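**Q** Can you keep this structure in mind? I'll have questions shortly.
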Amino acid sequence: PVSALPPALDGLRIGFLTDIHHSRTVPADDVARAVQLTLAQHPDLIVLGGDYVTFGDRSFVNPAAELLAPLHAPHGVFAILGNHDDDRDMPSALEAQHIEVLKDARTRIELRGERLELAGVRFWTRRFEDVARVLRKATATVLLLAHDPRRIVEAAMLQVPAVLSGHTHGGQVIIPGVGAVAGRRFPILSGLGSRENTSIFVSRGVGTVYVPVRINCPPEVAVVTLKRRAQA
């Protein structure tokens with residue numbers, strides 16, 4: 001649900017892949033399968049939410065980008081960076097595969113006679129004034145791409161209608177009766193949430209980090225459909 005969504009954007013389908021973490025414990029076959037699942041849904045556009053490798057491991061940077069290269073959609077493929085991605089090699093590898101990287105930047109796409117602005121912030125872009133600088137003079141509907149779901153605080157203050165995030169892995173390890181170990185750190189671990197008039201979707205992501213398994217928290221390839229938010 002998105003506040004004040006123009007009718008022309010109602011029903012827009014966004015393929016969303018995040019937290020790939022291609023590494024020794026997240027093999028190429030897993031990444032390739034995630035790509036195939038995304039393409040099979042024929043989304044209008046595709047967003048990549050960061051953390052393509054783990055701890056910036058350069059030996060996996062180019063292989064990760066090459067595995068993501070088959071992604072395509074009528075309105076493009078866009079990427080942001082996560083806390084495990086460096087600022088030079090990873091964006092260069094993605095751009096070599098014709099994936100546009102939004103590093104504290106915006107881009108505007110035209111679809112169905114309406115404009116949509118995609119604004120991407122780096123994981124380390126946290127201060128209100130820095131997020132505001134990326135969004136300055138935006139004149140169309142804005143979709144904020146922020147690896148960390150905690151950016152919903154700044155998004156709500158700036159009246160951004162919608163945010164896509166990852167980073168949490170949905171908790172990755174969820175213990176019955178206890179819940180997710182990481183649960184207390186984030187406003188939402190996975191799925192839909194909101195703050196004031198800002199909606200957010202947080203994906204559980206594809207890969208794993210720190211421990212090579214998921215427990216009670218399967219990986220996820222998401223297709224997010226924008227819908228006009230009902231007025232209270």
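In the structure tokens, each chain is lettered A, B, ... as it comes, each chain's residues begin at 1, and ligands are numbered from 1 in order of appearance.
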Mind checking DSSP for region 19-190 of chain A and telling me the strand (DSSP E) residues as a PyMOL selection string?
**A** chain A and resi 45-48+77-79+100-101+105-111+114-121+141-146+162-165+174-175+179-180
**Q** What are the DSSP helix (DSSP H, G or I) residues of region 67-190 of chain A, as a ChimeraX atom specification?
**A** /A:67-68,89-96,128-135,149-157,169-171,183-185
**Q** Next, dump the selected residues to file, keeping only N, CA and C atoms, as a tab-separated table (two decimals), in the first residue's frame.
**A**
chain	number	residue	atom	x	y	z
A	67	LEU	N	26.41	-13.40	-12.33
A	67	LEU	CA	25.23	-14.21	-12.06
A	67	LEU	C	23.95	-13.39	-12.14
A	68	LEU	N	24.04	-12.09	-11.83
A	68	LEU	CA	22.88	-11.21	-11.88
A	68	LEU	C	22.65	-10.62	-13.26
A	89	ASP	N	34.52	-1.37	-6.42
A	89	ASP	CA	34.54	-2.59	-7.22
A	89	ASP	C	33.15	-3.15	-7.47
A	90	MET	N	32.32	-3.19	-6.43
A	90	MET	CA	30.99	-3.78	-6.60
A	90	MET	C	30.12	-2.96	-7.55
A	91	PRO	N	30.01	-1.64	-7.37
A	91	PRO	CA	29.21	-0.89	-8.34
A	91	PRO	C	29.76	-0.96	-9.76
A	92	SER	N	31.09	-0.99	-9.89
A	92	SER	CA	31.69	-1.09	-11.22
A	92	SER	C	31.33	-2.42	-11.88
A	93	ALA	N	31.35	-3.50	-11.10
A	93	ALA	CA	31.01	-4.82	-11.65
A	93	ALA	C	29.55	-4.88	-12.07
A	94	LEU	N	28.65	-4.28	-11.28
A	94	LEU	CA	27.23	-4.27	-11.63
A	94	LEU	C	26.97	-3.43	-12.87
A	95	GLU	N	27.60	-2.26	-12.93
A	95	GLU	CA	27.39	-1.39	-14.08
A	95	GLU	C	27.94	-2.01	-15.36
A	96	ALA	N	28.98	-2.83	-15.23
A	96	ALA	CA	29.51	-3.54	-16.41
A	96	ALA	C	28.48	-4.52	-16.97
A	128	PHE	N	19.67	12.43	8.78
A	128	PHE	CA	18.48	12.98	8.14
A	128	PHE	C	18.85	13.91	7.00
A	129	GLU	N	19.81	14.82	7.24
A	129	GLU	CA	20.15	15.80	6.22
A	129	GLU	C	20.77	15.16	4.99
A	130	ASP	N	21.45	14.03	5.15
A	130	ASP	CA	22.05	13.35	4.00
A	130	ASP	C	21.00	12.63	3.17
A	131	VAL	N	20.04	12.00	3.85
A	131	VAL	CA	18.93	11.38	3.11
A	131	VAL	C	18.11	12.45	2.41
A	132	ALA	N	17.88	13.57	3.11
A	132	ALA	CA	17.10	14.67	2.53
A	132	ALA	C	17.78	15.23	1.29
A	133	ARG	N	19.11	15.25	1.28
A	133	ARG	CA	19.85	15.77	0.13
A	133	ARG	C	19.60	14.91	-1.11
A	134	VAL	N	19.52	13.60	-0.91
A	134	VAL	CA	19.25	12.71	-2.05
A	134	VAL	C	17.86	12.96	-2.62
A	135	LEU	N	16.92	13.31	-1.76
A	135	LEU	CA	15.53	13.47	-2.18
A	135	LEU	C	15.18	14.89	-2.60
A	149	PRO	N	16.31	-1.14	6.92
A	149	PRO	CA	14.93	-0.72	7.16
A	149	PRO	C	14.79	0.38	8.20
A	150	ARG	N	15.83	0.65	8.96
A	150	ARG	CA	15.76	1.75	9.92
A	150	ARG	C	15.65	3.11	9.24
A	151	ARG	N	15.89	3.15	7.94
A	151	ARG	CA	15.73	4.42	7.21
A	151	ARG	C	14.28	4.82	7.06
A	152	ILE	N	13.35	3.98	7.52
A	152	ILE	CA	11.94	4.37	7.48
A	152	ILE	C	11.70	5.60	8.36
A	153	VAL	N	12.53	5.80	9.37
A	153	VAL	CA	12.38	6.97	10.24
A	153	VAL	C	12.57	8.24	9.43
A	154	GLU	N	13.68	8.33	8.69
A	154	GLU	CA	13.93	9.50	7.87
A	154	GLU	C	12.92	9.61	6.73
A	155	ALA	N	12.55	8.46	6.15
A	155	ALA	CA	11.58	8.47	5.06
A	155	ALA	C	10.24	9.05	5.51
A	156	ALA	N	9.79	8.66	6.69
A	156	ALA	CA	8.52	9.18	7.21
A	156	ALA	C	8.62	10.69	7.47
A	157	MET	N	9.73	11.13	8.01
A	157	MET	CA	9.92	12.56	8.26
A	157	MET	C	9.92	13.35	6.97
A	169	HIS	N	17.74	-10.15	6.86
A	169	HIS	CA	17.63	-11.59	6.55
A	169	HIS	C	16.38	-12.20	7.19
A	170	GLY	N	15.43	-11.34	7.55
A	170	GLY	CA	14.22	-11.82	8.21
A	170	GLY	C	14.48	-12.38	9.59
A	171	GLY	N	15.70	-12.19	10.08
A	171	GLY	CA	16.11	-12.78	11.35
A	171	GLY	C	17.08	-13.93	11.14
A	183	GLY	N	15.85	-9.51	16.23
A	183	GLY	CA	14.56	-8.84	16.16
A	183	GLY	C	14.46	-7.50	16.85
A	184	ARG	N	15.21	-7.30	17.90
A	184	ARG	CA	15.07	-6.06	18.68
A	184	ARG	C	15.72	-4.86	18.00
A	185	ARG	N	16.55	-5.11	17.00
A	185	ARG	CA	17.32	-4.01	16.40
A	185	ARG	C	16.58	-3.28	15.28
**Q** Looking at A:Thr139, A:Thr125, A:Thr198, A:Thr208, which one is nearest to Arg108 (chain A), with distances taken over only C-alpha atoms?
**A** A:Thr139
**Q** Could you give me, as a Markdown table, a per-residue list for region 175-203 of chain A showing, wherever an atom lies at most 9 Å from an atom of region 211-224 of chain A, the closest pair of atoms and their distance in Å to one decimal, using only C-alpha atoms and sorting by chain then residue number from low to high?
**A**
| residue | atom | partner | partner_atom | distance |
| --- | --- | --- | --- | --- |
| A:Ile175 | CA | A:Asn216 | CA | 7.5 |
| A:Pro176 | CA | A:Asn216 | CA | 8.5 |
| A:Phe201 | CA | A:Val224 | CA | 8.0 |
| A:Ser203 | CA | A:Glu220 | CA | 6.8 |
**Q** Closest to Pro43 (chain A) among A:Leu17, A:Val163, A:Leu12, A:Ala28, using only C-alpha atoms?
**A**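 Of all the options, A:Leu12 lies closest to Pro43 (chain A).
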**Q** Quick one: of A:Ala73, A:Leu102, A:Ala64, A:Leu226, who's nearest to Leu5 (chain A), counting only C-alpha atoms?
**A**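 Nearest to Leu5 (chain A): A:Leu226.
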